[in-house]
Amino acid sequence: LQLVTQKDPSACGKATTVTVANSIAMHKNWRGGGSVEGMITQKDLPNQDCIKQQPRVLVGMDMNQVRSYIGCFAQEVKIARATEVGGVEGLRRILRTRLSTPGHFIAANYDRVSVGQAGVGVAPNATAGHWSPIGAYNIRLDKVLILDVARYKYPPLWVPVTAFYKAIYTIDPCGQSAPESEWIDGAPDLELWFSLPREQAVAEWIRWSSRNLNCSATFRGLLLVDA
């Protein structure tokens, strides 16, 4: 995997997309000793023809949105929500099988707080959804390597599989939102949001999204990507 750093605090889904897309390009085109065709940056991402056809993303990205973005570069992308992986043992099987097979990648949507990191929620115990690619699974130690795209804040992290399972087995209160045409009050004032202190901006996002996006709460989980 060629890990990139997210460009702003809400761009973890886009940075994860770019990391996986470039890894797919390397898998398909690497010949050794030269550049790889098809590599992109976060700046390039919105200009990709397939991405232009995707619904507009405001701040964070839900599992369907990231699946659609990565799907622009992959042969197949499957959603495996935490309730669908078969418990901790099923998660181990997925990690062991996919991470030992060339051309197979995993992107994870998980709760930072559950792996001991600081969240950005408005309440002390609020969950903090985040996206990052998975780099490896150590069978002997039973730990998974999260390649955190927020590298300015956290380095790659080895996490026990049991803790990782708890991190994906959490609820995203806006895990599925309606298309922009169904937003009640239209687009929010993003310029105003980004001028606010972080916690206040998050609070405003939660209030706006719950009121306008017709959000559905869903479990977090994994994206299983085939190059």
# chains A, B, ... in the order shown; residues from 1 in each chain; ligands from 1
call {"tool": "residues_around", "arguments": {"residues": "Asp44 of chain A", "least_positions_apart": "6", "cutoff": "12 Å", "atoms": "only C-alpha atoms", "output": "VMD selection string"}}
result
chain A and resid 14 to 15 17 to 18 21 to 22 38 51 to 52
call {"tool": "residues_around", "arguments": {"residues": "Gln48 of chain A", "least_positions_apart": "6", "cutoff": "12 Å", "atoms": "only C-alpha atoms", "output": "NGL selection string"}}
result
:A and (18 or 21 or 38-42 or 54 or 69-70 or 72-73)
call {"tool": "atom_distance", "arguments": {"atom1": "atom CA of Ala80 of chain A", "atom2": "atom CA of Asp62 of chain A"}}
result
13.1 Å
call {"tool": "closest_residue", "arguments": {"among": "A:Gly13, A:Pro173, A:Pro102, A:Gly129", "to": "Ser68 of chain A", "atoms": "only C-alpha atoms"}}
result
A:Gly13
call {"tool": "select_by_dssp", "arguments": {"residues": "segment 16-198 of chain A", "states": "helix (DSSP H, G or I)", "output": "PyMOL selection string"}}
result
chain A and resi 16-29+45-47+49-52+63-71+82-84+87-98+112-115+161-168+180-182+190-194+198
call {"tool": "select_by_dssp", "arguments": {"residues": "segment 97-164 of chain A", "states": "strand (DSSP E or B)", "output": "list in words"}}
result
His104, Phe105, Ile106, Ala107, Ala108, Asn109, Tyr110, Asp111, Gly129, His130, Trp131, Ser132, Pro133, Ile134, Gly135, Ala136, Tyr137, Asn138, Lys143, Val144, Leu145, Ile146, Leu157, Trp158, Val159 and Pro160 of chain A
call {"tool": "write_last_selection", "arguments": {"atoms": "N, CA and C atoms", "output": "PDB file, in the first residue's frame"}}
result
ATOM      1  N   HIS A 104      -5.864  -8.047  -3.295  1.00  0.00           N
ATOM      2  CA  HIS A 104      -7.007  -7.889  -2.405  1.00  0.00           C
ATOM      3  C   HIS A 104      -6.652  -6.879  -1.319  1.00  0.00           C
ATOM      4  N   PHE A 105      -7.567  -5.947  -1.070  1.00  0.00           N
ATOM      5  CA  PHE A 105      -7.315  -4.868  -0.108  1.00  0.00           C
ATOM      6  C   PHE A 105      -8.523  -4.721   0.819  1.00  0.00           C
ATOM      7  N   ILE A 106      -8.275  -4.095   1.975  1.00  0.00           N
ATOM      8  CA  ILE A 106      -9.340  -3.847   2.937  1.00  0.00           C
ATOM      9  C   ILE A 106      -9.289  -2.391   3.381  1.00  0.00           C
ATOM     10  N   ALA A 107     -10.434  -1.726   3.326  1.00  0.00           N
ATOM     11  CA  ALA A 107     -10.593  -0.391   3.910  1.00  0.00           C
ATOM     12  C   ALA A 107     -11.562  -0.518   5.078  1.00  0.00           C
ATOM     13  N   ALA A 108     -11.249   0.125   6.183  1.00  0.00           N
ATOM     14  CA  ALA A 108     -12.055  -0.029   7.396  1.00  0.00           C
ATOM     15  C   ALA A 108     -12.690   1.285   7.811  1.00  0.00           C
ATOM     16  N   ASN A 109     -13.961   1.191   8.177  1.00  0.00           N
ATOM     17  CA  ASN A 109     -14.700   2.291   8.782  1.00  0.00           C
ATOM     18  C   ASN A 109     -14.912   1.913  10.245  1.00  0.00           C
ATOM     19  N   TYR A 110     -14.273   2.629  11.152  1.00  0.00           N
ATOM     20  CA  TYR A 110     -14.242   2.204  12.550  1.00  0.00           C
ATOM     21  C   TYR A 110     -14.327   3.399  13.483  1.00  0.00           C
ATOM     22  N   ASP A 111     -14.459   3.098  14.766  1.00  0.00           N
ATOM     23  CA  ASP A 111     -14.553   4.125  15.802  1.00  0.00           C
ATOM     24  C   ASP A 111     -13.189   4.304  16.460  1.00  0.00           C
ATOM     25  N   GLY A 129     -16.118   8.298  14.104  1.00  0.00           N
ATOM     26  CA  GLY A 129     -15.938   7.504  12.904  1.00  0.00           C
ATOM     27  C   GLY A 129     -14.721   7.934  12.103  1.00  0.00           C
ATOM     28  N   HIS A 130     -14.040   6.958  11.505  1.00  0.00           N
ATOM     29  CA  HIS A 130     -12.817   7.245  10.756  1.00  0.00           C
ATOM     30  C   HIS A 130     -12.629   6.170   9.689  1.00  0.00           C
ATOM     31  N   TRP A 131     -11.932   6.549   8.613  1.00  0.00           N
ATOM     32  CA  TRP A 131     -11.574   5.618   7.542  1.00  0.00           C
ATOM     33  C   TRP A 131     -10.065   5.463   7.470  1.00  0.00           C
ATOM     34  N   SER A 132      -9.599   4.246   7.260  1.00  0.00           N
ATOM     35  CA  SER A 132      -8.189   3.986   6.976  1.00  0.00           C
ATOM     36  C   SER A 132      -8.069   2.615   6.306  1.00  0.00           C
ATOM     37  N   PRO A 133      -7.036   2.435   5.498  1.00  0.00           N
ATOM     38  CA  PRO A 133      -6.783   1.098   4.944  1.00  0.00           C
ATOM     39  C   PRO A 133      -6.118   0.197   5.969  1.00  0.00           C
ATOM     40  N   ILE A 134      -6.265  -1.103   5.772  1.00  0.00           N
ATOM     41  CA  ILE A 134      -5.636  -2.097   6.642  1.00  0.00           C
ATOM     42  C   ILE A 134      -4.385  -2.617   5.943  1.00  0.00           C
ATOM     43  N   GLY A 135      -3.263  -2.645   6.679  1.00  0.00           N
ATOM     44  CA  GLY A 135      -2.001  -3.008   6.065  1.00  0.00           C
ATOM     45  C   GLY A 135      -1.583  -4.443   6.244  1.00  0.00           C
ATOM     46  N   ALA A 136      -1.921  -5.056   7.394  1.00  0.00           N
ATOM     47  CA  ALA A 136      -1.420  -6.408   7.656  1.00  0.00           C
ATOM     48  C   ALA A 136      -2.180  -7.025   8.824  1.00  0.00           C
ATOM     49  N   TYR A 137      -2.051  -8.353   8.924  1.00  0.00           N
ATOM     50  CA  TYR A 137      -2.586  -9.099  10.063  1.00  0.00           C
ATOM     51  C   TYR A 137      -1.496 -10.031  10.569  1.00  0.00           C
ATOM     52  N   ASN A 138      -1.119  -9.881  11.824  1.00  0.00           N
ATOM     53  CA  ASN A 138      -0.123 -10.734  12.458  1.00  0.00           C
ATOM     54  C   ASN A 138      -0.851 -11.871  13.170  1.00  0.00           C
ATOM     55  N   LYS A 143      -3.013  -9.434  15.877  1.00  0.00           N
ATOM     56  CA  LYS A 143      -3.181  -7.992  15.781  1.00  0.00           C
ATOM     57  C   LYS A 143      -3.289  -7.564  14.324  1.00  0.00           C
ATOM     58  N   VAL A 144      -4.026  -6.484  14.108  1.00  0.00           N
ATOM     59  CA  VAL A 144      -4.220  -5.948  12.770  1.00  0.00           C
ATOM     60  C   VAL A 144      -3.552  -4.577  12.699  1.00  0.00           C
ATOM     61  N   LEU A 145      -2.940  -4.273  11.545  1.00  0.00           N
ATOM     62  CA  LEU A 145      -2.239  -3.012  11.354  1.00  0.00           C
ATOM     63  C   LEU A 145      -3.144  -2.018  10.640  1.00  0.00           C
ATOM     64  N   ILE A 146      -3.532  -0.967  11.343  1.00  0.00           N
ATOM     65  CA  ILE A 146      -4.320   0.119  10.763  1.00  0.00           C
ATOM     66  C   ILE A 146      -3.355   1.182  10.245  1.00  0.00           C
ATOM     67  N   LEU A 157      -0.960   1.835  13.449  1.00  0.00           N
ATOM     68  CA  LEU A 157      -1.246   1.296  14.786  1.00  0.00           C
ATOM     69  C   LEU A 157      -1.565  -0.200  14.710  1.00  0.00           C
ATOM     70  N   TRP A 158      -0.855  -1.010  15.502  1.00  0.00           N
ATOM     71  CA  TRP A 158      -1.206  -2.419  15.665  1.00  0.00           C
ATOM     72  C   TRP A 158      -2.274  -2.534  16.749  1.00  0.00           C
ATOM     73  N   VAL A 159      -3.393  -3.159  16.411  1.00  0.00           N
ATOM     74  CA  VAL A 159      -4.536  -3.257  17.316  1.00  0.00           C
ATOM     75  C   VAL A 159      -4.937  -4.723  17.476  1.00  0.00           C
ATOM     76  N   PRO A 160      -5.179  -5.200  18.697  1.00  0.00           N
ATOM     77  CA  PRO A 160      -5.701  -6.562  18.849  1.00  0.00           C
ATOM     78  C   PRO A 160      -6.985  -6.734  18.046  1.00  0.00           C
TER      79      PRO A 160
END
call {"tool": "atom_distance", "arguments": {"atom1": "atom CA of Val4 of chain A", "atom2": "atom CA of Thr16 of chain A"}}
result
7.7 Å
call {"tool": "closest_residue", "arguments": {"among": "A:Val161, A:Glu76, A:Ala227, A:Val20", "to": "Ile94 of chain A", "atoms": "only C-alpha atoms"}}
result
A:Val161
call {"tool": "closest_residue", "arguments": {"among": "A:Lys43, A:Gln6, A:Asp49, A:Arg98", "to": "Tyr154 of chain A", "atoms": "only C-alpha atoms"}}
result
A:Gln6
call {"tool": "atom_distance", "arguments": {"atom1": "atom CA of Thr218 of chain A", "atom2": "atom CA of Glu84 of chain A"}}
result
12.2 Å
call {"tool": "residues_around", "arguments": {"residues": "Ile79 of chain A", "least_positions_apart": "5", "cutoff": "8 Å", "atoms": "only C-alpha atoms", "output": "MDAnalysis selection string"}}
result
chainID A and resid 63:64 67 221:224
call {"tool": "write_last_selection", "arguments": {"atoms": "C-alpha atoms", "output": "PDB file, in the first residue's frame"}}
result
ATOM      1  CA  MET A  63     -19.719   3.223   3.544  1.00  0.00           C
ATOM      2  CA  ASN A  64     -21.784   3.405   0.365  1.00  0.00           C
ATOM      3  CA  ARG A  67     -17.486   1.955  -1.876  1.00  0.00           C
ATOM      4  CA  GLY A 221     -17.476  -2.279   8.959  1.00  0.00           C
ATOM      5  CA  LEU A 222     -15.126  -3.185   6.125  1.00  0.00           C
ATOM      6  CA  LEU A 223     -14.835  -2.688   2.394  1.00  0.00           C
ATOM      7  CA  LEU A 224     -13.421  -5.768   0.681  1.00  0.00           C
TER       8      LEU A 224
END
call {"tool": "decode", "arguments": {"residues": "segment 80-94 of chain A", "atoms": "all heavy atoms", "output": "mmCIF file, in the first residue's frame"}}
result
data_model
loop_
_atom_site.group_PDB
_atom_site.id
_atom_site.type_symbol
_atom_site.label_atom_id
_atom_site.label_comp_id
_atom_site.auth_asym_id
_atom_site.auth_seq_id
_atom_site.Cartn_x
_atom_site.Cartn_y
_atom_site.Cartn_z
ATOM 1 N N ALA A 80 -18.896 -5.182 3.980
ATOM 2 C CA ALA A 80 -19.073 -6.197 5.024
ATOM 3 C C ALA A 80 -19.239 -5.459 6.337
ATOM 4 O O ALA A 80 -18.251 -5.088 6.986
ATOM 5 C CB ALA A 80 -17.879 -7.143 5.080
ATOM 6 N N ARG A 81 -20.477 -5.205 6.697
ATOM 7 C CA ARG A 81 -20.721 -4.514 7.959
ATOM 8 C C ARG A 81 -20.365 -5.436 9.123
ATOM 9 O O ARG A 81 -20.296 -6.661 8.973
ATOM 10 C CB ARG A 81 -22.167 -4.044 8.044
ATOM 11 C CG ARG A 81 -22.514 -3.028 6.960
ATOM 12 C CD ARG A 81 -23.789 -2.263 7.247
ATOM 13 N NE ARG A 81 -24.121 -1.389 6.113
ATOM 14 C CZ ARG A 81 -23.647 -0.151 5.951
ATOM 15 N NH1 ARG A 81 -22.832 0.352 6.874
ATOM 16 N NH2 ARG A 81 -23.986 0.582 4.906
ATOM 17 N N ALA A 82 -20.126 -4.835 10.277
ATOM 18 C CA ALA A 82 -19.657 -5.604 11.431
ATOM 19 C C ALA A 82 -20.599 -6.741 11.787
ATOM 20 O O ALA A 82 -20.161 -7.791 12.272
ATOM 21 C CB ALA A 82 -19.478 -4.676 12.626
ATOM 22 N N THR A 83 -21.876 -6.562 11.531
ATOM 23 C CA THR A 83 -22.857 -7.607 11.833
ATOM 24 C C THR A 83 -22.807 -8.752 10.833
ATOM 25 O O THR A 83 -23.475 -9.770 11.021
ATOM 26 C CB THR A 83 -24.272 -6.999 11.828
ATOM 27 O OG1 THR A 83 -24.479 -6.278 10.601
ATOM 28 C CG2 THR A 83 -24.457 -6.037 13.000
ATOM 29 N N GLU A 84 -22.025 -8.598 9.766
ATOM 30 C CA GLU A 84 -22.003 -9.583 8.689
ATOM 31 C C GLU A 84 -20.682 -10.355 8.585
ATOM 32 O O GLU A 84 -20.564 -11.227 7.719
ATOM 33 C CB GLU A 84 -22.261 -8.887 7.343
ATOM 34 C CG GLU A 84 -23.577 -8.126 7.292
ATOM 35 C CD GLU A 84 -23.682 -7.179 6.117
ATOM 36 O OE1 GLU A 84 -22.641 -6.889 5.484
ATOM 37 O OE2 GLU A 84 -24.803 -6.719 5.841
ATOM 38 N N VAL A 85 -19.712 -10.043 9.437
ATOM 39 C CA VAL A 85 -18.392 -10.666 9.273
ATOM 40 C C VAL A 85 -18.268 -12.005 9.981
ATOM 41 O O VAL A 85 -17.278 -12.712 9.801
ATOM 42 C CB VAL A 85 -17.258 -9.720 9.750
ATOM 43 C CG1 VAL A 85 -17.272 -8.426 8.956
ATOM 44 C CG2 VAL A 85 -17.349 -9.459 11.248
ATOM 45 N N GLY A 86 -19.248 -12.370 10.809
ATOM 46 C CA GLY A 86 -19.185 -13.652 11.506
ATOM 47 C C GLY A 86 -18.459 -13.603 12.827
ATOM 48 O O GLY A 86 -17.807 -14.575 13.213
ATOM 49 N N GLY A 87 -18.578 -12.448 13.512
ATOM 50 C CA GLY A 87 -17.947 -12.314 14.816
ATOM 51 C C GLY A 87 -16.437 -12.178 14.708
ATOM 52 O O GLY A 87 -15.878 -11.981 13.628
ATOM 53 N N VAL A 88 -15.766 -12.295 15.842
ATOM 54 C CA VAL A 88 -14.313 -12.137 15.869
ATOM 55 C C VAL A 88 -13.624 -13.205 15.024
ATOM 56 O O VAL A 88 -12.680 -12.923 14.284
ATOM 57 C CB VAL A 88 -13.791 -12.167 17.319
ATOM 58 C CG1 VAL A 88 -12.264 -12.109 17.341
ATOM 59 C CG2 VAL A 88 -14.368 -11.007 18.123
ATOM 60 N N GLU A 89 -14.100 -14.452 15.097
ATOM 61 C CA GLU A 89 -13.481 -15.525 14.317
ATOM 62 C C GLU A 89 -13.655 -15.294 12.821
ATOM 63 O O GLU A 89 -12.737 -15.530 12.025
ATOM 64 C CB GLU A 89 -14.068 -16.883 14.713
ATOM 65 C CG GLU A 89 -13.505 -17.445 16.002
ATOM 66 C CD GLU A 89 -11.985 -17.589 15.942
ATOM 67 O OE1 GLU A 89 -11.464 -17.998 14.885
ATOM 68 O OE2 GLU A 89 -11.322 -17.288 16.946
ATOM 69 N N GLY A 90 -14.830 -14.827 12.440
ATOM 70 C CA GLY A 90 -15.053 -14.519 11.034
ATOM 71 C C GLY A 90 -14.166 -13.379 10.564
ATOM 72 O O GLY A 90 -13.652 -13.397 9.437
ATOM 73 N N LEU A 91 -13.980 -12.382 11.430
ATOM 74 C CA LEU A 91 -13.097 -11.278 11.097
ATOM 75 C C LEU A 91 -11.666 -11.767 10.900
ATOM 76 O O LEU A 91 -10.975 -11.350 9.957
ATOM 77 C CB LEU A 91 -13.159 -10.221 12.208
ATOM 78 C CG LEU A 91 -12.240 -9.010 12.039
ATOM 79 C CD1 LEU A 91 -12.533 -8.269 10.746
ATOM 80 C CD2 LEU A 91 -12.388 -8.065 13.249
ATOM 81 N N ARG A 92 -11.226 -12.656 11.769
ATOM 82 C CA ARG A 92 -9.876 -13.226 11.616
ATOM 83 C C ARG A 92 -9.727 -13.927 10.266
ATOM 84 O O ARG A 92 -8.702 -13.793 9.595
ATOM 85 C CB ARG A 92 -9.584 -14.213 12.753
ATOM 86 C CG ARG A 92 -9.362 -13.573 14.112
ATOM 87 C CD ARG A 92 -8.870 -14.598 15.123
ATOM 88 N NE ARG A 92 -8.612 -13.986 16.418
ATOM 89 C CZ ARG A 92 -9.411 -14.114 17.487
ATOM 90 N NH1 ARG A 92 -10.514 -14.841 17.403
ATOM 91 N NH2 ARG A 92 -9.102 -13.513 18.616
ATOM 92 N N ARG A 93 -10.734 -14.669 9.872
ATOM 93 C CA ARG A 93 -10.668 -15.385 8.589
ATOM 94 C C ARG A 93 -10.557 -14.404 7.424
ATOM 95 O O ARG A 93 -9.790 -14.618 6.483
ATOM 96 C CB ARG A 93 -11.893 -16.286 8.414
ATOM 97 C CG ARG A 93 -11.856 -17.559 9.247
ATOM 98 C CD ARG A 93 -12.928 -18.540 8.793
ATOM 99 N NE ARG A 93 -14.274 -18.008 8.990
ATOM 100 C CZ ARG A 93 -14.975 -18.164 10.114
ATOM 101 N NH1 ARG A 93 -14.459 -18.812 11.137
ATOM 102 N NH2 ARG A 93 -16.189 -17.664 10.211
ATOM 103 N N ILE A 94 -11.353 -13.334 7.496
ATOM 104 C CA ILE A 94 -11.316 -12.330 6.431
ATOM 105 C C ILE A 94 -9.933 -11.697 6.358
ATOM 106 O O ILE A 94 -9.341 -11.558 5.274
ATOM 107 C CB ILE A 94 -12.391 -11.252 6.674
ATOM 108 C CG1 ILE A 94 -13.793 -11.828 6.453
ATOM 109 C CG2 ILE A 94 -12.162 -10.046 5.750
ATOM 110 C CD1 ILE A 94 -14.908 -10.896 6.855
#
